[in-house]
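A short worksheet on the structure shown next.
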Amino acid sequence: MSLTLATLLPGLLLLVLGLPLVLGHSGYAAVLKAFPRSPLATYVLFSTGAAWFLYGIWHLSPADFGEYRKILFFAFAAIAALSFKCVPDFLAVRGGCVLVLMAAMPLLDAAYMEYDKPQRLLLVSFVYLALALAVWLGAQPWRMRDFLSWLFARPGRARLVGSAVAAYGAVLSVVAFSY
């Protein structure tokens with residue numbers, strides 16, 4: 001993946017997530033409030049994250065426990081399948097966290113050793129912040145529900161947070177074309 005694409009994709013994602021909050025779209029607010037326990041989001045996000053993770057397990061090199069990839073693959077596949085039955089609460093949040101964790105590597109790989117492009121640090125800083133947030137929310141997914149309750153408790157908060165998210169997305173989108 002090129003550095004331009006690796007910077008543009010998160011920028012556009014942040015714009016898509018932030019602009020409806022800025023515009024005060026009530027349907028978007030309802031979707032966000034329902035997201036942590038949404039069955040549709042659970043199936044889409046967790047299944048996609050599990051599939052991507054299992055793909056990574058299947059393609060492990062011998063240096064990375066590749067000799068045991070079949071055992072690891074089937075063990076993690078069983079864990080993923082049993083997650084839908086045993087821990088269905090906030091599985092959408094955990095699925096989103098898995099996707100963030102899996103997407104971080106290609107994004108960071110694109111910026112690796114690009115020391116002559118200091119604007120790459122805008123991407124790298126965002127990715128590391130997203131990684132820290134994904135680890136924290138993966139361990140405590142109910143915090144997403146608490147954050148969304150806080151976000152929509154006062155009307156101005158959603159617009160302010162949406163403005164910050166969309167502004168950073170715009171900055172990343174513009175920076176993507178400066179490499």
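Letters A, B, ... go to the chains of the structure tokens in the order shown; residues in each chain start at 1; ligands are counted from 1 in the same order.
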
Exercise for review: Skip Ala134 in chain A itself and residues of its chain fewer than 4 positions away, then list as a ChimeraX atom specification all residues within 10 Å of it, counting only C-alpha atoms.
Suggested key: /A:93-101,128-130,138-141

Exercise for review: Please measure the separation of CA of Leu3 in chain A and CA of Ala110 in chain A, giving the value in Å to one decimal.
Suggested key: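 Separation of CA of Leu3 in chain A and CA of Ala110 in chain A: 5.0 Å.
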
Exercise for review: For Val127 in chain A, list every protein, DNA or RNA residue within 7 Å, evaluated using only C-alpha atoms, and leave out those in the same chain fewer than 4 positions away; present the list as a ChimeraX atom specification.
Suggested key: /A:104,123,131

Check your understanding: Hey, what's within 7 Å of range 20-27 of chain A if we count only C-alpha atoms and toss same-chain stuff fewer than 2 positions away? As a list in words, please?
Key ->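 My list of contacting residues is Leu17, Gly18, Ala29, Ala30, Val31, Ala158, Arg159, Gly162 and Ser163 of chain A.
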
**Study point:** Expected answer as a ChimeraX atom specification: helix (DSSP H, G or I) residues in chain A
**Key:** /A:3-23,26-37,39-58,62-64,66-86,91-111,120-139,142-151,155-176

Please produce a file of the residues just selected, as a CSV table (one decimal), in the first residue's frame, where the atoms kept are C-alpha atoms.
chain,number,residue,atom,x,y,z
A,3,LEU,CA,1.7,6.1,1.8
A,4,THR,CA,-0.7,8.3,-0.1
A,5,LEU,CA,-3.4,5.6,0.0
A,6,ALA,CA,-2.6,4.7,3.6
A,7,THR,CA,-3.1,8.4,4.6
A,8,LEU,CA,-6.1,9.0,2.4
A,9,LEU,CA,-8.2,6.1,3.6
A,10,PRO,CA,-8.2,7.0,7.4
A,11,GLY,CA,-8.8,10.6,6.4
A,12,LEU,CA,-11.9,9.8,4.4
A,13,LEU,CA,-13.1,7.4,7.1
A,14,LEU,CA,-12.8,10.2,9.7
A,15,LEU,CA,-14.7,12.6,7.4
A,16,VAL,CA,-17.5,10.0,6.9
A,17,LEU,CA,-17.7,9.5,10.7
A,18,GLY,CA,-17.4,13.2,11.7
A,19,LEU,CA,-19.6,15.0,9.1
A,20,PRO,CA,-22.9,13.5,10.1
A,21,LEU,CA,-22.2,14.6,13.7
A,22,VAL,CA,-21.4,18.1,12.6
A,23,LEU,CA,-24.6,18.3,10.6
A,26,SER,CA,-30.7,12.4,13.9
A,27,GLY,CA,-30.7,9.0,12.1
A,28,TYR,CA,-26.9,8.8,12.5
A,29,ALA,CA,-27.2,9.6,16.2
A,30,ALA,CA,-29.7,6.7,16.6
A,31,VAL,CA,-27.4,4.3,14.7
A,32,LEU,CA,-24.4,5.3,16.9
A,33,LYS,CA,-26.4,4.9,20.1
A,34,ALA,CA,-27.5,1.4,19.0
A,35,PHE,CA,-24.1,0.4,17.7
A,36,PRO,CA,-22.5,-1.3,20.8
A,37,ARG,CA,-25.2,-4.0,20.9
A,39,PRO,CA,-26.7,-7.5,15.9
A,40,LEU,CA,-26.1,-6.4,12.3
A,41,ALA,CA,-22.9,-4.5,13.3
A,42,THR,CA,-21.9,-7.5,15.4
A,43,TYR,CA,-22.2,-9.9,12.4
A,44,VAL,CA,-20.5,-7.6,10.0
A,45,LEU,CA,-17.7,-6.2,12.1
A,46,PHE,CA,-16.8,-9.3,14.2
A,47,SER,CA,-17.1,-11.7,11.3
A,48,THR,CA,-14.9,-9.5,9.1
A,49,GLY,CA,-12.4,-9.0,11.8
A,50,ALA,CA,-12.3,-12.7,12.6
A,51,ALA,CA,-11.9,-13.6,8.9
A,52,TRP,CA,-9.1,-11.2,8.5
A,53,PHE,CA,-7.3,-12.5,11.7
A,54,LEU,CA,-7.8,-16.1,10.6
A,55,TYR,CA,-6.4,-15.2,7.2
A,56,GLY,CA,-3.3,-13.8,8.9
A,57,ILE,CA,-3.0,-16.9,11.1
A,58,TRP,CA,-3.2,-19.2,8.0
A,62,PRO,CA,7.7,-20.6,10.1
A,63,ALA,CA,9.4,-18.0,12.2
A,64,ASP,CA,6.0,-16.9,13.6
A,66,GLY,CA,3.8,-21.3,11.1
A,67,GLU,CA,4.4,-24.9,12.0
A,68,TYR,CA,1.4,-24.8,14.2
A,69,ARG,CA,-0.8,-22.7,12.0
A,70,LYS,CA,-3.5,-25.3,11.5
A,71,ILE,CA,-3.9,-25.8,15.3
A,72,LEU,CA,-3.9,-22.0,15.8
A,73,PHE,CA,-6.3,-21.5,13.0
A,74,PHE,CA,-8.9,-24.0,14.2
A,75,ALA,CA,-8.5,-22.9,17.8
A,76,PHE,CA,-9.1,-19.2,17.0
A,77,ALA,CA,-11.9,-20.1,14.6
A,78,ALA,CA,-13.6,-22.0,17.4
A,79,ILE,CA,-13.1,-19.1,19.8
A,80,ALA,CA,-14.6,-16.7,17.2
A,81,ALA,CA,-17.6,-18.9,16.5
A,82,LEU,CA,-18.2,-19.5,20.3
A,83,SER,CA,-18.0,-15.7,20.9
A,84,PHE,CA,-21.4,-15.2,19.2
A,85,LYS,CA,-23.0,-17.6,21.6
A,86,CYS,CA,-21.0,-17.1,24.9
A,91,LEU,CA,-19.4,-7.9,20.2
A,92,ALA,CA,-19.8,-5.1,17.6
A,93,VAL,CA,-17.4,-3.0,19.6
A,94,ARG,CA,-14.9,-5.8,19.9
A,95,GLY,CA,-15.2,-6.5,16.2
A,96,GLY,CA,-14.4,-2.9,15.4
A,97,CYS,CA,-11.4,-3.2,17.7
A,98,VAL,CA,-10.2,-6.2,15.9
A,99,LEU,CA,-10.5,-4.4,12.5
A,100,VAL,CA,-8.5,-1.5,13.9
A,101,LEU,CA,-5.8,-3.8,15.2
A,102,MET,CA,-5.6,-5.6,11.9
A,103,ALA,CA,-5.7,-2.4,9.8
A,104,ALA,CA,-2.9,-0.8,11.7
A,105,MET,CA,-0.1,-3.0,10.3
A,106,PRO,CA,-0.6,-2.1,6.6
A,107,LEU,CA,-1.0,1.6,7.5
A,108,LEU,CA,2.1,1.7,9.6
A,109,ASP,CA,4.1,-0.4,7.1
A,110,ALA,CA,3.3,2.2,4.4
A,111,ALA,CA,4.9,4.9,6.6
A,120,ARG,CA,3.6,11.0,7.8
A,121,LEU,CA,3.6,11.5,11.5
A,122,LEU,CA,0.0,12.8,11.3
A,123,LEU,CA,-1.0,9.4,10.1
A,124,VAL,CA,1.3,7.5,12.4
A,125,SER,CA,0.1,9.4,15.5
A,126,PHE,CA,-3.6,8.8,14.6
A,127,VAL,CA,-2.9,5.0,14.0
A,128,TYR,CA,-1.1,4.7,17.4
A,129,LEU,CA,-4.0,6.5,19.1
A,130,ALA,CA,-6.5,4.3,17.4
A,131,LEU,CA,-4.5,1.2,18.5
A,132,ALA,CA,-4.4,2.3,22.1
A,133,LEU,CA,-8.2,3.0,22.0
A,134,ALA,CA,-8.9,-0.4,20.3
A,135,VAL,CA,-6.9,-2.3,23.0
A,136,TRP,CA,-8.8,-0.3,25.8
A,137,LEU,CA,-12.2,-0.8,24.2
A,138,GLY,CA,-11.5,-4.4,23.4
A,139,ALA,CA,-10.9,-5.1,27.1
A,142,TRP,CA,-19.0,-1.1,27.6
A,143,ARG,CA,-17.0,2.1,27.7
A,144,MET,CA,-18.2,2.8,24.1
A,145,ARG,CA,-21.8,2.8,25.4
A,146,ASP,CA,-20.8,5.2,28.2
A,147,PHE,CA,-18.9,7.5,25.7
A,148,LEU,CA,-21.9,7.6,23.4
A,149,SER,CA,-24.2,8.4,26.3
A,150,TRP,CA,-21.9,11.2,27.3
A,151,LEU,CA,-21.6,12.4,23.7
A,155,PRO,CA,-26.4,18.8,21.9
A,156,GLY,CA,-23.2,20.7,21.5
A,157,ARG,CA,-20.9,17.8,22.4
A,158,ALA,CA,-21.7,15.8,19.3
A,159,ARG,CA,-21.1,18.7,17.0
A,160,LEU,CA,-17.8,19.6,18.7
A,161,VAL,CA,-16.5,16.0,18.6
A,162,GLY,CA,-17.8,15.6,15.0
A,163,SER,CA,-16.0,18.8,14.1
A,164,ALA,CA,-12.7,17.6,15.6
A,165,VAL,CA,-13.0,14.2,13.9
A,166,ALA,CA,-13.9,15.7,10.5
A,167,ALA,CA,-11.2,18.4,10.7
A,168,TYR,CA,-8.5,15.8,11.4
A,169,GLY,CA,-10.0,13.7,8.5
A,170,ALA,CA,-9.7,16.7,6.2
A,171,VAL,CA,-6.1,17.3,7.3
A,172,LEU,CA,-5.2,13.7,6.6
A,173,SER,CA,-7.0,13.8,3.3
A,174,VAL,CA,-5.1,16.9,2.2
A,175,VAL,CA,-1.7,15.6,3.6
A,176,ALA,CA,-2.2,12.4,1.6

Review point. Taking only C-alpha atoms into account, which of A:Ser61, A:Ser38, A:Glu114, A:Arg154 comes nearest Phe90 in chain A?
Key: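 That would be A:Ser38, the residue with the smallest distance to Phe90 in chain A.
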